[in-house]
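Engineer: Take this structure, written in structure tokens, and hold onto it; I'll ask about it next.
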Protein chains: 2
Amino acid sequence: MIETLNKAFCALPGVGKKTAQRFVYHLLERNRDGGFELAKALVDAMEFVKHCSSCRTLSEKTLCAICSNDKRSGAKLCIVETPTDIHAIEQSGAYTGKYFVLSGYLSPIDGISAKDLGLEELQQKLRTEKVEEIILATNATVEGEVTAHYIGNMAKQFNVRITRIAHGIPIGGELEYADINTIAHALSGRKDYD
Amino acid sequence: MIETLNKAFCALPGVGKKTAQRFVYHLLERNRDGGFELAKALVDAMEFVKHCSSCRTLSEKTLCAICSNDKRSGAKLCIVETPTDIHAIEQSGAYTGKYFVLSGYLSPIDGISAKDLGLEELQQKLRTEKVEEIILATNATVEGEVTAHYIGNMAKQFNVRITRIAHGIPIGGELEYADINTIAHALSGRKDYD
């Protein structure tokens with residue numbers, strides 16, 4: 001039973017044998033109520049959390065809190081890889097538009113095609129809704145760049161402004177410690193200073 | 001629901017908001033079956049795992065696998081802080097005796113007394129069973145040392161050899177990188193070389 005729980009914890013990302021063991025003993029020795037609560041929360045979430053029918057993020061309702069919020073403008077559509085990215089952008093408080101979640105990136109090798117990323121739904125959205133700008137906010141990885149490129153190309157057929165979030169030296173970051181790719185990006189993406 | 005699961009994961013040791021979020025999204029997006037399995041394993045373990053009536057380790061049965069194993073000698077009793085420590089010692093394959101689990105260390109400030117550590121049961125064991133040696137294998141921390149000292153003193157009234165596991169430079173470790181306390185211990189605990 002302890003062994004089964006150990007293995008079940010190992011299914012979590014970044015959790016190995018030792019960490020799993022620590023979780024198990026902590027719950028058994030110190031916090032059995034916490035264990036029961038976690039089990040209940042797991043079953044509830046696995047059972048009832050679905051995807052938002054509009055932006056594809058994880059949501060308990062058919063329409064997520066952001067999509068059903070009338071105060072948020074649908075003129076801007078920020079395209080992200082995962083629901084976690086939405087959370088990160090929301091934390092910054094710098095965006096008031098809506099989102100579209102790909103749930104991954106294009107990867108023909110892994111069999112992840114445009115269809116899996118919901119690009120048909122995205123096209124439908126661009127065709128029928130009044131979207132003025134799409135912001136490509138996929139990750140600054142090779143896969144993220146390829147995906148952004150693909151979507152950017154696809155969106156050209158619509159009357160929409162296509163932008164990509166800026167890449168460069170992070171705020172608070174020191175040039176000395178930035179990696180060469182970031183520095184190259186920061187240089188090529190330089191802007192007029194005013 | 002997502003928020004509830006997030007919070008429930010935060011009950012695990014060393015898991016903060018970001019890690020919890022990663023767990024939640026991983027399970028929801030990629031491994032819902034794993035989520036259900038984890039929930040089931042949690043309920044089973046929280047419900048049915050108790051403590052061994054003899055050595056106080058976590059066990060599904062009244063008597064744990066080690067205590068009920070006739071091939072293991074009861075003449076040696078290794079005293080450890082947690083069930084995890086048993087696992088670590090068993091991995092080494094260097095011990096064939098039995099164990100006694102304190103489930104913690106003496107800490108009057110936190111209200112953890114000798115009774116909480118099962119020292120009465122330990123005395124009972126020393127009085128009634130044929131124990132020839134107790135090995136104090138509590139951690140090499142201040143609390144572990146205090147606990148070892150206390151138990152060592154208590155056991156003097158019984159006709160039993162009292163030993164403490166050796167402390168010093170870890171095998172494969174380099175003197176240069178050892179901390180000063182470890183070096184001091186390694187020097188004061190030096191043995192005749194043969």
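In the structure tokens, chains take letters A, B, ... by order of appearance, with residues numbered from 1 within each chain and ligands from 1 in the order shown.
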Within 10 Å of chain B, which residues belong to chain A? Use only C-alpha atoms and report them as a ChimeraX atom specification.

Structural biologist: /A:1-15,18-51,57-60,82-84,87,103-104

Engineer: Taking only C-alpha atoms into account, produce a table as JSON lines in which each residue of segment 34-109 of chain A with an atom at most 12 Å from an atom of segment 161-172 of chain A appears once, together with its shortest atom pair and the distance in Å to one decimal, ordered by chain and rising number.

Structural biologist:
```
{"residue": "A:Ala75", "atom": "CA", "partner": "A:Arg161", "partner_atom": "CA", "distance": 10.4}
{"residue": "A:Lys76", "atom": "CA", "partner": "A:Arg161", "partner_atom": "CA", "distance": 9.4}
{"residue": "A:Leu77", "atom": "CA", "partner": "A:Ile162", "partner_atom": "CA", "distance": 9.9}
{"residue": "A:Cys78", "atom": "CA", "partner": "A:Thr163", "partner_atom": "CA", "distance": 9.4}
{"residue": "A:Ile79", "atom": "CA", "partner": "A:Arg164", "partner_atom": "CA", "distance": 9.6}
{"residue": "A:Val80", "atom": "CA", "partner": "A:Ile165", "partner_atom": "CA", "distance": 10.7}
{"residue": "A:Ile89", "atom": "CA", "partner": "A:Ile165", "partner_atom": "CA", "distance": 11.4}
{"residue": "A:Tyr95", "atom": "CA", "partner": "A:Ile165", "partner_atom": "CA", "distance": 11.9}
```

Engineer: If DSSP is run on the backbone, what residues of segment 4-177 of chain B are strand (DSSP E or B)? A reply as a list in words would be ideal.

Structural biologist: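 The residues of segment 4-177 of chain B classed as strand (DSSP E or B) are Lys50, His51, Leu58, Ser59, Lys76, Leu77, Cys78, Ile79, Val80, Lys98, Tyr99, Phe100, Val101, Ser107, Ile112, Glu133, Ile134, Ile135, Leu136, Arg161, Ile162, Thr163 and Arg164 of chain B.
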
Engineer: What is the distance, in Å and to one decimal place, between atom CA of Phe158 of chain A and atom CA of Asn139 of chain A?

Structural biologist: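 Separation between atom CA of Phe158 of chain A and atom CA of Asn139 of chain A: 23.5 Å.
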
Engineer: As an MDAnalysis selection string, which residues of segment 52-177 of chain A does DSSP assign to helix (DSSP H, G or I)?

Structural biologist: chainID A and resid 83:92 108:110 119:128 142:155 175:177

Engineer: Could you jot down the atom CA of Pro108 of chain B to atom CA of Glu81 of chain B separation for me, Å, one decimal place?

Structural biologist: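 Result for atom CA of Pro108 of chain B versus atom CA of Glu81 of chain B: 16.0 Å, one decimal.
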
Engineer: Restricting the calculation to only C-alpha atoms, which member of B:Tyr193, B:Lys130, B:Thr138, B:Leu106 is positioned closest to Ser73 of chain B?

Structural biologist: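 Of B:Tyr193, B:Lys130, B:Thr138, B:Leu106, the one nearest Ser73 of chain B, counting only C-alpha atoms, is B:Lys130.
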
Engineer: Atom CA of Tyr150 of chain B to atom CA of Ala114 of chain B: how many Å, to one decimal?

Structural biologist: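 About the pair atom CA of Tyr150 of chain B and atom CA of Ala114 of chain B: they are 8.9 Å apart.
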
Engineer: Show which residues sit within 12 Å of Gly97 of chain A, as a PDB file with N, CA and C atoms, in the first residue's frame. Count only C-alpha atoms, and ignore same-chain residues fewer than 3 positions away.

Structural biologist:
```pdb
ATOM      1  N   CYS A  55     -11.699  29.320 -25.280  1.00  0.00           N
ATOM      2  CA  CYS A  55     -10.246  29.538 -25.330  1.00  0.00           C
ATOM      3  C   CYS A  55      -9.442  28.280 -25.048  1.00  0.00           C
ATOM      4  N   ILE A  66     -12.387  34.136 -17.687  1.00  0.00           N
ATOM      5  CA  ILE A  66     -11.917  35.235 -18.534  1.00  0.00           C
ATOM      6  C   ILE A  66     -12.811  35.386 -19.762  1.00  0.00           C
ATOM      7  N   CYS A  67     -13.152  34.273 -20.409  1.00  0.00           N
ATOM      8  CA  CYS A  67     -13.989  34.345 -21.613  1.00  0.00           C
ATOM      9  C   CYS A  67     -15.383  34.870 -21.302  1.00  0.00           C
ATOM     10  N   SER A  68     -15.885  34.568 -20.083  1.00  0.00           N
ATOM     11  CA  SER A  68     -17.247  35.001 -19.762  1.00  0.00           C
ATOM     12  C   SER A  68     -17.266  36.393 -19.120  1.00  0.00           C
ATOM     13  N   ASN A  69     -16.087  37.018 -19.013  1.00  0.00           N
ATOM     14  CA  ASN A  69     -16.009  38.354 -18.420  1.00  0.00           C
ATOM     15  C   ASN A  69     -16.197  39.426 -19.513  1.00  0.00           C
ATOM     16  N   ASP A  70     -17.320  40.133 -19.423  1.00  0.00           N
ATOM     17  CA  ASP A  70     -17.650  41.119 -20.463  1.00  0.00           C
ATOM     18  C   ASP A  70     -16.685  42.302 -20.471  1.00  0.00           C
ATOM     19  N   LYS A  71     -16.022  42.532 -19.340  1.00  0.00           N
ATOM     20  CA  LYS A  71     -15.121  43.686 -19.256  1.00  0.00           C
ATOM     21  C   LYS A  71     -13.836  43.467 -20.031  1.00  0.00           C
ATOM     22  N   ARG A  72     -13.555  42.234 -20.390  1.00  0.00           N
ATOM     23  CA  ARG A  72     -12.320  41.957 -21.120  1.00  0.00           C
ATOM     24  C   ARG A  72     -12.591  42.047 -22.609  1.00  0.00           C
ATOM     25  N   SER A  73     -11.743  42.778 -23.285  1.00  0.00           N
ATOM     26  CA  SER A  73     -11.952  43.000 -24.702  1.00  0.00           C
ATOM     27  C   SER A  73     -11.555  41.772 -25.523  1.00  0.00           C
ATOM     28  N   GLY A  74     -12.392  41.464 -26.511  1.00  0.00           N
ATOM     29  CA  GLY A  74     -12.088  40.348 -27.391  1.00  0.00           C
ATOM     30  C   GLY A  74     -11.297  40.791 -28.613  1.00  0.00           C
ATOM     31  N   ALA A  75     -10.935  42.085 -28.640  1.00  0.00           N
ATOM     32  CA  ALA A  75     -10.206  42.612 -29.797  1.00  0.00           C
ATOM     33  C   ALA A  75      -8.780  42.087 -29.835  1.00  0.00           C
ATOM     34  N   LYS A  76      -8.239  41.806 -28.649  1.00  0.00           N
ATOM     35  CA  LYS A  76      -6.887  41.236 -28.577  1.00  0.00           C
ATOM     36  C   LYS A  76      -6.995  39.784 -28.155  1.00  0.00           C
ATOM     37  N   LEU A  77      -6.194  38.935 -28.831  1.00  0.00           N
ATOM     38  CA  LEU A  77      -6.201  37.517 -28.504  1.00  0.00           C
ATOM     39  C   LEU A  77      -4.752  37.086 -28.283  1.00  0.00           C
ATOM     40  N   CYS A  78      -4.470  36.681 -27.062  1.00  0.00           N
ATOM     41  CA  CYS A  78      -3.101  36.274 -26.728  1.00  0.00           C
ATOM     42  C   CYS A  78      -2.997  34.757 -26.828  1.00  0.00           C
ATOM     43  N   ILE A  79      -2.093  34.273 -27.669  1.00  0.00           N
ATOM     44  CA  ILE A  79      -2.002  32.832 -27.910  1.00  0.00           C
ATOM     45  C   ILE A  79      -0.862  32.238 -27.095  1.00  0.00           C
ATOM     46  N   ILE A  86      -1.275  31.529 -19.016  1.00  0.00           N
ATOM     47  CA  ILE A  86      -2.328  32.519 -18.760  1.00  0.00           C
ATOM     48  C   ILE A  86      -2.154  33.057 -17.346  1.00  0.00           C
ATOM     49  N   ILE A  89       0.706  35.488 -17.114  1.00  0.00           N
ATOM     50  CA  ILE A  89       0.414  36.792 -17.729  1.00  0.00           C
ATOM     51  C   ILE A  89      -0.585  37.572 -16.867  1.00  0.00           C
ATOM     52  N   GLU A  90      -1.595  36.867 -16.338  1.00  0.00           N
ATOM     53  CA  GLU A  90      -2.578  37.523 -15.481  1.00  0.00           C
ATOM     54  C   GLU A  90      -1.917  38.129 -14.247  1.00  0.00           C
ATOM     55  N   GLY A  93      -0.610  41.551 -14.676  1.00  0.00           N
ATOM     56  CA  GLY A  93      -1.623  42.607 -14.712  1.00  0.00           C
ATOM     57  C   GLY A  93      -1.506  43.526 -15.923  1.00  0.00           C
ATOM     58  N   ALA A  94      -0.727  43.132 -16.915  1.00  0.00           N
ATOM     59  CA  ALA A  94      -0.445  44.021 -18.045  1.00  0.00           C
ATOM     60  C   ALA A  94      -1.305  43.719 -19.267  1.00  0.00           C
ATOM     61  N   PHE A 100      -6.045  32.374 -26.045  1.00  0.00           N
ATOM     62  CA  PHE A 100      -6.328  31.117 -26.730  1.00  0.00           C
ATOM     63  C   PHE A 100      -5.204  30.145 -26.365  1.00  0.00           C
ATOM     64  N   VAL A 131     -11.627  40.044 -33.935  1.00  0.00           N
ATOM     65  CA  VAL A 131     -10.285  40.075 -33.365  1.00  0.00           C
ATOM     66  C   VAL A 131      -9.434  41.044 -34.185  1.00  0.00           C
ATOM     67  N   GLU A 132      -8.832  42.013 -33.503  1.00  0.00           N
ATOM     68  CA  GLU A 132      -8.015  42.998 -34.223  1.00  0.00           C
ATOM     69  C   GLU A 132      -6.536  42.661 -34.190  1.00  0.00           C
ATOM     70  N   GLU A 133      -6.134  41.953 -33.119  1.00  0.00           N
ATOM     71  CA  GLU A 133      -4.707  41.642 -32.978  1.00  0.00           C
ATOM     72  C   GLU A 133      -4.538  40.281 -32.326  1.00  0.00           C
ATOM     73  N   ILE A 134      -3.631  39.482 -32.861  1.00  0.00           N
ATOM     74  CA  ILE A 134      -3.261  38.277 -32.124  1.00  0.00           C
ATOM     75  C   ILE A 134      -1.820  38.459 -31.652  1.00  0.00           C
ATOM     76  N   ILE A 135      -1.605  38.132 -30.366  1.00  0.00           N
ATOM     77  CA  ILE A 135      -0.270  38.249 -29.780  1.00  0.00           C
ATOM     78  C   ILE A 135       0.290  36.844 -29.621  1.00  0.00           C
TER      79      ILE A 135
END
```
